[in-house]
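Chemist: Sharing start_28.cif below, mmCIF, C-alpha atoms:
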```cif
data_start
#
loop_
_atom_site.label_atom_id
_atom_site.label_comp_id
_atom_site.auth_asym_id
_atom_site.auth_seq_id
_atom_site.Cartn_x
_atom_site.Cartn_y
_atom_site.Cartn_z
CA MET A 108 -4.70 -10.45 22.68
CA ASN A 109 -1.29 -12.08 23.00
CA THR A 110 1.59 -9.63 23.25
CA ARG A 111 4.18 -12.34 22.50
CA LEU A 112 2.53 -13.88 19.42
CA GLU A 113 4.53 -13.25 16.22
CA SER A 114 2.97 -15.86 13.90
CA THR A 115 -0.02 -18.20 13.70
CA GLU A 116 1.94 -20.93 11.88
CA GLY A 117 1.40 -23.39 14.76
CA LEU A 118 -2.24 -23.81 13.75
CA LYS A 119 -1.45 -25.92 10.67
CA ASN A 120 -3.42 -28.95 11.94
CA LEU A 121 -6.64 -27.00 12.39
CA LYS A 122 -9.19 -28.44 9.96
CA SER A 123 -12.63 -27.23 10.91
CA VAL A 124 -13.58 -23.96 12.54
CA GLN A 125 -16.43 -21.51 11.99
CA LEU A 126 -14.87 -18.23 13.08
CA ILE A 127 -11.30 -16.97 13.21
CA SER A 128 -10.73 -13.75 15.16
CA ILE A 129 -7.19 -12.35 15.28
CA THR A 130 -7.23 -9.18 17.36
CA SER A 131 -4.94 -7.05 19.50
CA ASN A 132 -1.64 -8.88 18.96
CA ARG A 133 0.87 -6.05 18.82
CA ASN A 134 3.83 -8.26 17.78
CA LEU A 135 2.01 -10.48 15.27
CA ARG A 136 3.84 -10.18 11.93
CA VAL A 137 2.48 -13.10 9.88
CA VAL A 138 -0.89 -14.83 9.69
CA THR A 139 -0.20 -18.26 8.23
CA GLY A 140 -0.67 -21.93 9.02
CA PHE A 141 -4.37 -22.33 8.32
CA ASP A 142 -3.53 -24.69 5.44
CA GLN A 143 -6.49 -27.03 5.94
CA VAL A 144 -9.24 -24.48 6.56
CA SER A 145 -11.26 -23.82 3.40
CA LYS A 146 -14.60 -22.55 4.70
CA LEU A 147 -15.52 -20.08 7.43
CA VAL A 148 -18.60 -18.32 8.68
CA GLY A 149 -16.47 -15.35 9.74
CA PHE A 150 -12.94 -13.95 9.66
CA ASN A 151 -12.16 -10.97 11.85
CA MET A 152 -8.76 -9.28 12.12
CA TYR A 153 -7.88 -5.92 13.66
CA LEU A 154 -5.47 -4.11 16.01
CA ASN A 155 -2.40 -6.09 14.94
CA SER A 156 -0.08 -3.13 14.44
CA ALA A 157 3.02 -5.13 13.33
CA LEU A 158 1.12 -7.35 10.85
CA GLU A 159 2.98 -7.54 7.53
CA GLU A 160 1.54 -10.54 5.74
CA VAL A 161 -1.55 -12.74 5.58
CA GLN A 162 -1.21 -16.15 3.91
CA PHE A 163 -4.59 -17.85 3.80
CA ASP A 164 -4.63 -19.38 0.31
CA SER A 165 -6.61 -22.44 1.45
CA LEU A 166 -9.68 -20.31 2.25
CA LYS A 167 -12.34 -20.74 -0.45
CA THR A 168 -15.55 -19.37 1.06
CA VAL A 169 -16.41 -17.09 3.96
CA GLU A 170 -19.75 -15.53 4.84
CA TRP A 171 -18.25 -12.36 6.29
CA MET A 172 -14.72 -11.02 6.42
CA SER A 173 -13.58 -7.94 8.32
CA ILE A 174 -9.99 -6.66 8.19
CA GLY A 175 -9.49 -3.53 10.27
CA LEU A 176 -12.08 -1.62 12.24
CA CYS A 177 -13.91 1.65 11.81
CA GLN A 178 -14.05 3.98 14.80
CA GLY A 179 -15.90 7.26 14.45
CA THR A 180 -14.69 9.40 11.56
CA GLU A 181 -11.02 8.44 11.73
CA ALA A 182 -8.97 5.36 11.15
CA ALA A 183 -7.32 3.98 14.26
CA ALA A 184 -3.93 2.26 14.19
CA HIS A 185 -4.88 -1.22 13.07
CA HIS A 186 -2.39 -2.70 10.65
CA LEU A 187 0.49 -0.27 10.26
CA ALA A 188 2.69 -2.61 8.17
CA LEU A 189 0.11 -4.52 6.06
CA THR A 190 0.53 -3.21 2.50
CA ALA A 191 -1.31 -5.91 0.51
CA LEU A 192 -3.94 -8.61 0.81
CA SER A 193 -2.45 -11.03 -1.68
CA GLY A 194 -2.53 -14.18 0.47
CA PHE A 195 -6.10 -15.17 -0.42
CA ASN A 196 -5.46 -16.82 -3.82
CA GLY A 197 -8.01 -19.62 -3.31
CA LEU A 198 -10.90 -17.34 -2.35
CA THR A 199 -14.03 -17.84 -4.47
CA THR A 200 -16.88 -16.26 -2.47
CA VAL A 201 -17.36 -13.75 0.32
CA ASP A 202 -20.87 -12.64 1.13
CA SER A 203 -19.81 -9.48 2.99
CA LEU A 204 -16.34 -7.88 3.00
CA THR A 205 -15.15 -5.02 5.20
CA LEU A 206 -11.72 -3.37 4.89
CA GLU A 207 -11.34 -0.44 7.27
CA GLY A 208 -8.56 1.54 8.89
CA ASN A 209 -5.59 -0.25 7.34
CA GLU A 210 -3.06 2.59 7.21
CA ALA A 211 -0.48 0.94 4.94
CA LEU A 212 -2.81 -1.03 2.65
CA MET A 213 -2.08 -0.18 -0.98
CA SER A 214 -3.55 -3.24 -2.70
CA ALA A 215 -6.57 -5.43 -2.06
CA GLY A 216 -5.47 -8.51 -3.98
CA LEU A 217 -8.27 -10.57 -2.52
CA LEU A 218 -10.64 -8.71 -4.88
CA ASP A 219 -8.51 -9.92 -7.79
CA ALA A 220 -8.61 -13.47 -6.41
CA LEU A 221 -12.41 -13.35 -6.24
CA LYS A 222 -12.57 -12.25 -9.88
CA ALA A 223 -10.00 -14.81 -11.07
CA ASN A 224 -11.66 -17.76 -9.35
CA GLY A 225 -14.88 -17.32 -11.29
CA ALA A 226 -17.75 -17.86 -8.85
CA ALA A 227 -21.14 -16.73 -10.20
CA THR A 228 -21.63 -14.26 -7.33
CA PRO A 229 -18.24 -13.82 -5.69
CA LEU A 230 -19.09 -10.80 -3.49
CA ASN A 231 -22.46 -9.37 -2.45
CA ALA A 232 -21.51 -6.45 -0.21
CA ALA A 233 -18.34 -4.44 0.36
CA THR A 234 -17.47 -1.73 2.85
CA ILE A 235 -14.03 -0.28 2.15
CA ARG A 236 -13.26 2.80 4.24
CA PHE A 237 -10.35 4.70 5.78
CA ASN A 238 -7.49 2.96 3.95
CA PRO A 239 -5.53 6.14 3.12
CA LEU A 240 -3.06 4.52 0.67
CA LEU A 241 -5.58 2.31 -1.15
CA PRO A 242 -6.69 4.09 -4.36
CA GLU A 243 -10.45 4.52 -4.28
CA ALA A 244 -10.78 4.51 -8.09
CA THR A 245 -9.05 1.12 -8.20
CA VAL A 246 -11.39 -0.22 -5.52
CA HIS A 247 -14.45 0.89 -7.50
CA ALA A 248 -13.04 -0.66 -10.70
CA ARG A 249 -12.49 -4.00 -8.94
CA LEU A 250 -15.96 -3.92 -7.38
CA ASP A 251 -17.48 -3.07 -10.78
CA ALA A 252 -15.70 -6.06 -12.31
CA LEU A 253 -17.22 -8.25 -9.58
CA ASN A 254 -20.72 -6.76 -10.08
CA VAL A 255 -21.01 -5.98 -6.36
CA PRO A 256 -24.62 -4.87 -5.74
CA TYR A 257 -24.01 -3.09 -2.41
CA ARG A 258 -20.93 -1.05 -1.59
CA GLU A 259 -19.77 1.72 0.69
CA VAL A 260 -16.40 3.09 -0.40
CA CYS A 261 -15.01 6.30 1.10
CA GLY A 262 -12.08 7.80 2.96
CA ASN A 263 -9.51 6.01 0.81
CA ALA A 264 -6.70 7.51 -1.32
CA GLU A 265 -7.96 10.20 -3.69
CA GLY A 266 -11.53 9.32 -2.85
CA ASP A 267 -14.60 10.68 -1.15
CA PRO A 268 -13.44 12.28 2.12
CA GLU A 269 -17.00 12.28 3.51
CA CYS A 270 -16.91 9.06 5.43
CA TYR A 271 -18.49 8.08 8.72
CA CYS A 272 -18.73 5.00 10.89
CA LEU A 273 -21.64 4.15 13.12
CA VAL A 274 -20.69 4.60 16.75
CA ASP A 275 -22.53 2.63 19.42
CA GLU A 276 -24.03 4.91 22.04
#
```
Let me see the structure of the file written as structure tokens.
Modeler:
Amino acid sequence: MNTRLESTEGLKNLKSVQLISITSNRNLRVVTGFDQVSKLVGFNMYLNSALEEVQFDSLKTVEWMSIGLCQGTEAAAHHLALTALSGFNGLTTVDSLTLEGNEALMSAGLLDALKANGAATPLNAATIRFNPLLPEATVHARLDALNVPYREVCGNAEGDPECYCLVDE
């Protein structure tokens, strides 16, 4: 929640952390600098409207990863400039992955990284919703290649328009 933050590159000496949450930084353009972090319990990132790039190639394993946020039956303005998730080249396993409400996202390269890095069970559960430029057929093909046992995929490009998020009451 820092309106002046444009990059996370100053965190290059961080070695051990369980959770990284990058939220509500309207001028953040680049997530980088986590060069020594290879394992996380959780990674949460949403409401960074200027975000263009994520470079987190050192990350190998994460229990849960959430990029974007689902609100009701519509995508909110989360990452208006983030077109790809190609900065996760070292990723081998994610137990649960959520990609929601990323308006400009056209490619989920982290799914390709999971496949290329050859873990026995690279991804157990995926929720990929409300990414209007991300082709839903491509998402299903990538998840099939990863043998993902649980998935919820809807509201993406040329996909199932029936898509809902749970709303806390």
Chemist: I'd like to know which of A:Ala223, A:Leu118, A:Leu240, A:Val124 is closest to Gly208 of chain A, using all atoms listed in the file.
Modeler: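 Ranked by minimum distance to Gly208 of chain A, first place goes to A:Leu240.
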Chemist: Any chance you could resolve the PyMOL selection byres ((chain A and resi 269) around 12) against this file and give the residues as a list in words?
Modeler: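 Listing what the PyMOL selection byres ((chain A and resi 269) around 12) selects in the shown file: Thr180, Glu181, Arg236, Phe237, Glu259, Val260, Cys261, Gly262, Asn263, Glu265, Gly266, Asp267, Pro268, Cys270, Tyr271 and Cys272 of chain A.
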Chemist: List the residues selected by the PyMOL selection byres ((chain A and resi 141) around 12) in the file shown, writing them as a PyMOL selection string.
Modeler: chain A and resi 114-124+127+137-140+142-147+161-167+194-195
Chemist: Pick out the closest residue to Leu206 of chain A from this set: A:Leu158, A:Val148, A:Met172, A:Ala264. Count all atoms listed in the file.
Modeler: A:Met172
Chemist: Please evaluate the PyMOL selection byres ((chain A and resi 189) around 7) against the structure above and give the resulting residues as number ranges by chain.
Modeler: A: 158-160, 186-188, 190-191, 211-212
Chemist: When you write segment 158-171 of chain A out from the block above, keep all heavy atoms and present the result as an mmCIF file, in the first residue's frame, please.
Modeler:
```cif
data_model
loop_
_atom_site.group_PDB
_atom_site.id
_atom_site.type_symbol
_atom_site.label_atom_id
_atom_site.label_comp_id
_atom_site.auth_asym_id
_atom_site.auth_seq_id
_atom_site.Cartn_x
_atom_site.Cartn_y
_atom_site.Cartn_z
ATOM 1 N N LEU A 158 1.526 -2.479 -12.764
ATOM 2 C CA LEU A 158 2.469 -3.594 -12.827
ATOM 3 C C LEU A 158 2.627 -4.112 -14.253
ATOM 4 O O LEU A 158 1.647 -4.471 -14.910
ATOM 5 C CB LEU A 158 2.004 -4.729 -11.919
ATOM 6 C CG LEU A 158 2.950 -5.910 -11.780
ATOM 7 C CD1 LEU A 158 4.262 -5.477 -11.136
ATOM 8 C CD2 LEU A 158 2.306 -7.014 -10.960
ATOM 9 N N GLU A 159 3.874 -4.147 -14.717
ATOM 10 C CA GLU A 159 4.186 -4.604 -16.067
ATOM 11 C C GLU A 159 4.946 -5.922 -16.094
ATOM 12 O O GLU A 159 4.862 -6.673 -17.059
ATOM 13 C CB GLU A 159 5.056 -3.552 -16.785
ATOM 14 C CG GLU A 159 4.396 -2.219 -16.954
ATOM 15 C CD GLU A 159 5.367 -1.161 -17.449
ATOM 16 O OE1 GLU A 159 6.566 -1.450 -17.611
ATOM 17 O OE2 GLU A 159 4.910 -0.018 -17.665
ATOM 18 N N GLU A 160 5.719 -6.188 -15.053
ATOM 19 C CA GLU A 160 6.633 -7.325 -15.109
ATOM 20 C C GLU A 160 6.871 -7.909 -13.723
ATOM 21 O O GLU A 160 6.996 -7.189 -12.741
ATOM 22 C CB GLU A 160 7.962 -6.840 -15.692
ATOM 23 C CG GLU A 160 9.012 -7.875 -15.854
ATOM 24 C CD GLU A 160 10.299 -7.306 -16.439
ATOM 25 O OE1 GLU A 160 10.364 -6.096 -16.732
ATOM 26 O OE2 GLU A 160 11.235 -8.094 -16.585
ATOM 27 N N VAL A 161 6.955 -9.240 -13.681
ATOM 28 C CA VAL A 161 7.307 -9.956 -12.456
ATOM 29 C C VAL A 161 8.517 -10.817 -12.779
ATOM 30 O O VAL A 161 8.452 -11.664 -13.671
ATOM 31 C CB VAL A 161 6.157 -10.840 -11.941
ATOM 32 C CG1 VAL A 161 6.569 -11.578 -10.678
ATOM 33 C CG2 VAL A 161 4.905 -10.013 -11.700
ATOM 34 N N GLN A 162 9.616 -10.592 -12.087
ATOM 35 C CA GLN A 162 10.829 -11.399 -12.241
ATOM 36 C C GLN A 162 11.108 -12.089 -10.918
ATOM 37 O O GLN A 162 11.593 -11.469 -9.970
ATOM 38 C CB GLN A 162 12.015 -10.531 -12.659
ATOM 39 C CG GLN A 162 11.947 -10.067 -14.082
ATOM 40 C CD GLN A 162 11.916 -11.225 -15.068
ATOM 41 O OE1 GLN A 162 12.590 -12.237 -14.909
ATOM 42 N NE2 GLN A 162 11.109 -11.079 -16.097
ATOM 43 N N PHE A 163 10.760 -13.365 -10.847
ATOM 44 C CA PHE A 163 10.928 -14.122 -9.607
ATOM 45 C C PHE A 163 11.467 -15.505 -9.959
ATOM 46 O O PHE A 163 10.940 -16.526 -9.528
ATOM 47 C CB PHE A 163 9.591 -14.226 -8.884
ATOM 48 C CG PHE A 163 9.687 -14.339 -7.389
ATOM 49 C CD1 PHE A 163 8.728 -13.749 -6.598
ATOM 50 C CD2 PHE A 163 10.713 -15.019 -6.769
ATOM 51 C CE1 PHE A 163 8.778 -13.836 -5.224
ATOM 52 C CE2 PHE A 163 10.786 -15.123 -5.403
ATOM 53 C CZ PHE A 163 9.815 -14.536 -4.629
ATOM 54 N N ASP A 164 12.512 -15.538 -10.785
ATOM 55 C CA ASP A 164 13.062 -16.792 -11.279
ATOM 56 C C ASP A 164 13.694 -17.659 -10.195
ATOM 57 O O ASP A 164 13.869 -18.856 -10.400
ATOM 58 C CB ASP A 164 14.081 -16.525 -12.391
ATOM 59 C CG ASP A 164 13.417 -16.041 -13.674
ATOM 60 O OD1 ASP A 164 12.242 -16.389 -13.895
ATOM 61 O OD2 ASP A 164 14.063 -15.319 -14.440
ATOM 62 N N SER A 165 14.035 -17.091 -9.052
ATOM 63 C CA SER A 165 14.649 -17.877 -7.976
ATOM 64 C C SER A 165 13.626 -18.746 -7.249
ATOM 65 O O SER A 165 13.994 -19.721 -6.599
ATOM 66 C CB SER A 165 15.340 -16.949 -6.971
ATOM 67 O OG SER A 165 14.378 -16.122 -6.324
ATOM 68 N N LEU A 166 12.346 -18.419 -7.363
ATOM 69 C CA LEU A 166 11.310 -19.160 -6.652
ATOM 70 C C LEU A 166 11.163 -20.568 -7.229
ATOM 71 O O LEU A 166 10.927 -20.739 -8.420
ATOM 72 C CB LEU A 166 9.979 -18.407 -6.734
ATOM 73 C CG LEU A 166 8.827 -18.985 -5.915
ATOM 74 C CD1 LEU A 166 9.169 -19.004 -4.430
ATOM 75 C CD2 LEU A 166 7.554 -18.177 -6.154
ATOM 76 N N LYS A 167 11.302 -21.568 -6.361
ATOM 77 C CA LYS A 167 11.197 -22.971 -6.778
ATOM 78 C C LYS A 167 9.864 -23.585 -6.333
ATOM 79 O O LYS A 167 9.207 -24.247 -7.113
ATOM 80 C CB LYS A 167 12.349 -23.794 -6.194
ATOM 81 C CG LYS A 167 13.716 -23.255 -6.543
ATOM 82 C CD LYS A 167 14.253 -23.927 -7.759
ATOM 83 C CE LYS A 167 15.680 -23.525 -8.003
ATOM 84 N NZ LYS A 167 15.849 -22.567 -9.063
ATOM 85 N N THR A 168 9.511 -23.385 -5.062
ATOM 86 C CA THR A 168 8.293 -23.982 -4.535
ATOM 87 C C THR A 168 7.493 -22.954 -3.748
ATOM 88 O O THR A 168 8.053 -22.106 -3.055
ATOM 89 C CB THR A 168 8.586 -25.188 -3.620
ATOM 90 O OG1 THR A 168 9.312 -24.750 -2.478
ATOM 91 C CG2 THR A 168 9.377 -26.250 -4.341
ATOM 92 N N VAL A 169 6.183 -23.083 -3.863
ATOM 93 C CA VAL A 169 5.267 -22.230 -3.102
ATOM 94 C C VAL A 169 4.000 -23.048 -2.844
ATOM 95 O O VAL A 169 3.535 -23.769 -3.724
ATOM 96 C CB VAL A 169 4.975 -20.895 -3.832
ATOM 97 C CG1 VAL A 169 4.343 -21.116 -5.176
ATOM 98 C CG2 VAL A 169 4.140 -19.957 -2.986
ATOM 99 N N GLU A 170 3.504 -22.981 -1.615
ATOM 100 C CA GLU A 170 2.291 -23.735 -1.299
ATOM 101 C C GLU A 170 1.079 -23.137 -1.997
ATOM 102 O O GLU A 170 0.300 -23.864 -2.603
ATOM 103 C CB GLU A 170 2.077 -23.799 0.216
ATOM 104 C CG GLU A 170 3.084 -24.695 0.898
ATOM 105 C CD GLU A 170 2.862 -24.800 2.390
ATOM 106 O OE1 GLU A 170 1.717 -24.656 2.855
ATOM 107 O OE2 GLU A 170 3.851 -25.015 3.100
ATOM 108 N N TRP A 171 0.907 -21.828 -1.897
ATOM 109 C CA TRP A 171 -0.200 -21.185 -2.602
ATOM 110 C C TRP A 171 0.255 -19.873 -3.215
ATOM 111 O O TRP A 171 1.044 -19.153 -2.650
ATOM 112 C CB TRP A 171 -1.426 -20.988 -1.712
ATOM 113 C CG TRP A 171 -1.213 -20.120 -0.508
ATOM 114 C CD1 TRP A 171 -0.861 -20.541 0.741
ATOM 115 C CD2 TRP A 171 -1.312 -18.694 -0.428
ATOM 116 N NE1 TRP A 171 -0.740 -19.457 1.580
ATOM 117 C CE2 TRP A 171 -1.012 -18.310 0.895
ATOM 118 C CE3 TRP A 171 -1.623 -17.702 -1.357
ATOM 119 C CZ2 TRP A 171 -1.019 -16.992 1.314
ATOM 120 C CZ3 TRP A 171 -1.620 -16.379 -0.926
ATOM 121 C CH2 TRP A 171 -1.337 -16.049 0.397
#
```
